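> Input file: run-v1.pdb. Contents: PDB, C-alpha atoms.
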ATOM      1  CA  MET P 151      75.582 -26.125 -12.770  1.00  0.00           C
ATOM      2  CA  LYS P 152      73.833 -23.105 -14.230  1.00  0.00           C
ATOM      3  CA  LYS P 153      72.393 -22.906 -17.737  1.00  0.00           C
ATOM      4  CA  SER P 154      75.307 -20.757 -18.920  1.00  0.00           C
ATOM      5  CA  GLU P 155      77.791 -23.322 -17.571  1.00  0.00           C
ATOM      6  CA  LEU P 156      75.869 -26.117 -19.295  1.00  0.00           C
ATOM      7  CA  ILE P 157      76.040 -24.229 -22.602  1.00  0.00           C
ATOM      8  CA  GLN P 158      79.764 -23.658 -22.150  1.00  0.00           C
ATOM      9  CA  GLU P 159      80.390 -27.351 -21.372  1.00  0.00           C
ATOM     10  CA  ILE P 160      78.366 -28.507 -24.382  1.00  0.00           C
ATOM     11  CA  SER P 161      80.314 -26.093 -26.558  1.00  0.00           C
ATOM     12  CA  ARG P 162      83.598 -27.452 -25.201  1.00  0.00           C
ATOM     13  CA  ARG P 163      82.643 -31.120 -25.600  1.00  0.00           C
ATOM     14  CA  THR P 164      81.203 -30.762 -29.099  1.00  0.00           C
ATOM     15  CA  GLU P 165      83.666 -28.124 -30.327  1.00  0.00           C
ATOM     16  CA  ILE P 166      80.838 -25.970 -31.686  1.00  0.00           C
ATOM     17  CA  PRO P 167      80.381 -22.240 -31.010  1.00  0.00           C
ATOM     18  CA  LYS P 168      78.597 -21.196 -27.819  1.00  0.00           C
ATOM     19  CA  SER P 169      75.879 -19.468 -29.836  1.00  0.00           C
ATOM     20  CA  ILE P 170      74.937 -22.762 -31.488  1.00  0.00           C
ATOM     21  CA  SER P 171      75.152 -24.628 -28.174  1.00  0.00           C
ATOM     22  CA  GLU P 172      72.850 -22.035 -26.621  1.00  0.00           C
ATOM     23  CA  SER P 173      70.337 -22.484 -29.453  1.00  0.00           C
ATOM     24  CA  VAL P 174      70.394 -26.260 -28.999  1.00  0.00           C
ATOM     25  CA  VAL P 175      69.940 -26.040 -25.205  1.00  0.00           C
ATOM     26  CA  ASN P 176      67.096 -23.532 -25.589  1.00  0.00           C
ATOM     27  CA  ALA P 177      65.424 -25.744 -28.224  1.00  0.00           C
ATOM     28  CA  LEU P 178      65.730 -28.807 -25.991  1.00  0.00           C
ATOM     29  CA  ILE P 179      64.279 -27.022 -22.966  1.00  0.00           C
ATOM     30  CA  GLY P 180      61.476 -25.496 -25.059  1.00  0.00           C
ATOM     31  CA  THR P 181      60.592 -28.832 -26.625  1.00  0.00           C
ATOM     32  CA  ILE P 182      60.435 -30.587 -23.249  1.00  0.00           C
ATOM     33  CA  GLU P 183      58.340 -27.746 -21.824  1.00  0.00           C
ATOM     34  CA  ASP P 184      55.911 -27.832 -24.776  1.00  0.00           C
ATOM     35  CA  ALA P 185      55.467 -31.596 -24.399  1.00  0.00           C
ATOM     36  CA  LEU P 186      54.771 -31.279 -20.669  1.00  0.00           C
ATOM     37  CA  VAL P 187      52.239 -28.496 -21.257  1.00  0.00           C
ATOM     38  CA  ARG P 188      50.434 -30.919 -23.637  1.00  0.00           C
ATOM     39  CA  ASP P 189      50.544 -33.561 -20.871  1.00  0.00           C
ATOM     40  CA  ASP P 190      52.958 -35.736 -22.883  1.00  0.00           C
ATOM     41  CA  LYS P 191      55.853 -37.446 -21.190  1.00  0.00           C
ATOM     42  CA  VAL P 192      59.439 -37.099 -22.398  1.00  0.00           C
ATOM     43  CA  THR P 193      61.708 -40.117 -22.025  1.00  0.00           C
ATOM     44  CA  LEU P 194      65.445 -39.840 -22.625  1.00  0.00           C
ATOM     45  CA  LEU P 195      66.609 -43.449 -22.567  1.00  0.00           C
ATOM     46  CA  GLY P 196      69.203 -44.006 -19.852  1.00  0.00           C
ATOM     47  CA  PHE P 197      68.748 -40.479 -18.471  1.00  0.00           C
ATOM     48  CA  GLY P 198      65.176 -40.314 -17.251  1.00  0.00           C
ATOM     49  CA  THR P 199      61.554 -39.380 -17.805  1.00  0.00           C
ATOM     50  CA  PHE P 200      59.826 -36.033 -17.389  1.00  0.00           C
ATOM     51  CA  LYS P 201      56.048 -36.135 -16.984  1.00  0.00           C
ATOM     52  CA  THR P 202      53.205 -34.211 -15.435  1.00  0.00           C
ATOM     53  CA  LYS P 203      51.243 -35.553 -12.507  1.00  0.00           C
ATOM     54  CA  HIS P 204      47.950 -34.456 -11.045  1.00  0.00           C
ATOM     55  CA  ARG P 205      47.392 -33.719  -7.370  1.00  0.00           C
ATOM     56  CA  SER P 206      43.764 -33.827  -6.214  1.00  0.00           C
ATOM     57  CA  GLU P 207      42.166 -31.058  -4.226  1.00  0.00           C
ATOM     58  CA  SER P 208      42.455 -31.454  -0.494  1.00  0.00           C
ATOM     59  CA  SER P 209      42.071 -29.630   2.762  1.00  0.00           C
ATOM     60  CA  GLY P 210      44.868 -28.569   5.071  1.00  0.00           C
ATOM     61  CA  ILE P 211      45.605 -26.532   8.166  1.00  0.00           C
ATOM     62  CA  ASN P 212      47.027 -23.003   8.120  1.00  0.00           C
ATOM     63  CA  PRO P 213      50.023 -23.305  10.476  1.00  0.00           C
ATOM     64  CA  ARG P 214      49.718 -19.666  11.610  1.00  0.00           C
ATOM     65  CA  THR P 215      46.047 -19.621  12.483  1.00  0.00           C
ATOM     66  CA  GLY P 216      45.122 -23.293  12.780  1.00  0.00           C
ATOM     67  CA  ASP P 217      42.177 -22.689  10.417  1.00  0.00           C
ATOM     68  CA  GLU P 218      41.237 -25.311   7.868  1.00  0.00           C
ATOM     69  CA  ILE P 219      42.048 -24.233   4.293  1.00  0.00           C
ATOM     70  CA  PHE P 220      41.133 -25.525   0.835  1.00  0.00           C
ATOM     71  CA  ILE P 221      44.040 -26.621  -1.390  1.00  0.00           C
ATOM     72  CA  PRO P 222      42.994 -26.689  -5.067  1.00  0.00           C
ATOM     73  CA  ALA P 223      43.863 -29.474  -7.505  1.00  0.00           C
ATOM     74  CA  THR P 224      47.022 -28.856  -9.491  1.00  0.00           C
ATOM     75  CA  ARG P 225      49.394 -30.290 -12.080  1.00  0.00           C
ATOM     76  CA  TYR P 226      53.095 -30.552 -11.391  1.00  0.00           C
ATOM     77  CA  VAL P 227      56.219 -31.809 -13.161  1.00  0.00           C
ATOM     78  CA  SER P 228      57.904 -35.017 -12.084  1.00  0.00           C
ATOM     79  CA  PHE P 229      61.287 -36.437 -13.087  1.00  0.00           C
ATOM     80  CA  LYS P 230      62.240 -40.067 -12.640  1.00  0.00           C
ATOM     81  CA  ALA P 231      65.911 -40.861 -13.180  1.00  0.00           C
ATOM     82  CA  GLY P 232      66.788 -43.659 -15.595  1.00  0.00           C
ATOM     83  CA  ALA P 233      68.821 -46.727 -14.665  1.00  0.00           C
ATOM     84  CA  LYS P 234      72.058 -45.501 -16.257  1.00  0.00           C
ATOM     85  CA  LEU P 235      71.875 -42.106 -14.535  1.00  0.00           C
ATOM     86  CA  LYS P 236      71.102 -43.740 -11.180  1.00  0.00           C
ATOM     87  CA  ALA P 237      74.032 -46.125 -11.579  1.00  0.00           C
ATOM     88  CA  ASN P 238      76.439 -43.321 -12.525  1.00  0.00           C
ATOM     89  CA  VAL P 239      75.379 -41.148  -9.585  1.00  0.00           C
ATOM     90  CA  LYS P 240      75.553 -44.086  -7.205  1.00  0.00           C
ATOM     91  CA  SER P 241      79.054 -45.115  -8.314  1.00  0.00           C
ATOM     92  CA  ALA P 242      80.244 -41.492  -8.162  1.00  0.00           C
ATOM     93  CA  SER P 243      78.887 -41.105  -4.628  1.00  0.00           C
ATOM     94  CA  LYS P 244      80.770 -44.228  -3.511  1.00  0.00           C
ATOM     95  CA  GLY P 245      83.990 -42.615  -4.742  1.00  0.00           C
ATOM     96  CA  LEU P 246      83.160 -39.431  -2.849  1.00  0.00           C
ATOM     97  CA  MET P 247      82.484 -41.367   0.319  1.00  0.00           C
ATOM     98  CA  ARG P 248      85.824 -43.159   0.035  1.00  0.00           C
ATOM     99  CA  SER P 249      87.704 -39.878  -0.450  1.00  0.00           C
ATOM    100  CA  CYS P 250      85.985 -38.360   2.604  1.00  0.00           C
ATOM    101  CA  ILE P 251      86.958 -41.326   4.779  1.00  0.00           C
ATOM    102  CA  GLN P 252      90.611 -41.324   3.712  1.00  0.00           C
TER
END
Is it possible to express this structure as structure tokens?

Amino acid sequence: MKKSELIQEISRRTEIPKSISESVVNALIGTIEDALVRDDKVTLLGFGTFKTKHRSESSGINPRTGDEIFIPATRYVSFKAGAKLKANVKSASKGLMRSCIQ
């Protein structure tokens, strides 16, 4: 699902204009992004948790040349699905598997 499709679906489900749905989606995304930039975590109960993690510097091998290279330390975003989301995806996948077998 693309962002535009998400906005359209929110508009349909809430019966509010697309322009307002777009503002809400943009505000949500911006707020989550701002929190992650500050190194805060964002937990949406039942859905999941967004947080930043730190990867230490390390060395690696350039696959083209075989030379050893330096890989700098970095921050990255992690998402851990909540229990409700995991359960919903798992039960939906069981239904898909049944329909593929039949």
> If we count only C-alpha atoms and set the cut-off at 9 Å, which residues sit around Asp189 (chain P), ignoring sequence neighbours fewer than 2 positions away in its own chain? Please answer as a PyMOL selection string.
chain P and resi 184-187+191+201-203
> For CA of Ile157 (chain P) and CA of Tyr226 (chain P), determine how far apart the two atoms are, in Å to one decimal place.
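CA of Tyr226 (chain P) lies 26.3 Å from CA of Ile157 (chain P).
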> If you apply the PyMOL selection byres ((chain P and resi 206) around 10) to this file, what residues do you get, as number ranges by chain?
P: 203-205, 207-208, 221-225
> With all atoms listed in the file as the basis for distance, which of P:Ile211, P:Leu195, P:Met151, P:Ile219 is at the shortest distance from Ala231 (chain P)?
P:Leu195
> Would you write out, as a list in words, every residue that the PyMOL selection byres ((chain P and resi 196) around 8) captures in this file?
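This file gives the following for the PyMOL selection byres ((chain P and resi 196) around 8): Leu194, Leu195, Phe197, Gly198, Gly232, Ala233, Lys234 and Leu235 of chain P.
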> Counting only C-alpha atoms, which of P:Lys153, P:Lys230, P:Arg188, P:Lys236 gets nearest to Val175 (chain P)?
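The shortest atom-to-atom distance to Val175 (chain P) comes from P:Lys153.
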> Under the rule that all atoms listed in the file are counted, which of P:Val192, P:Ser241, P:Ser154, P:Arg162 is the nearest residue to Asn176 (chain P)?
P:Ser154
> As an exercise, work out the distance from CA of Glu155 (chain P) to CA of Leu178 (chain P) in Å and give it to one decimal place.
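Separation of CA of Glu155 (chain P) and CA of Leu178 (chain P): 15.7 Å.
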> Grab the CA of Gln158 (chain P) to CA of Ala177 (chain P) distance for me, in Å with one decimal place.
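Those two atoms sit 15.7 Å apart.
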> Point out the residue among P:Val239, P:Phe200, P:Asp217, P:Glu159 with the least atom-to-atom distance to Glu183 (chain P), counting only C-alpha atoms.
P:Phe200
> Take every atom of region 200-215 of chain P listed in the file, fit an axis-aligned box around them, add 8 Å per side, and give the centre and edge lengths in Å to one decimal as lines of an AutoDock Vina configuration file.

center_x = 50.9
center_y = -27.9
center_z = -2.5
size_x = 33.8
size_y = 32.5
size_z = 45.9
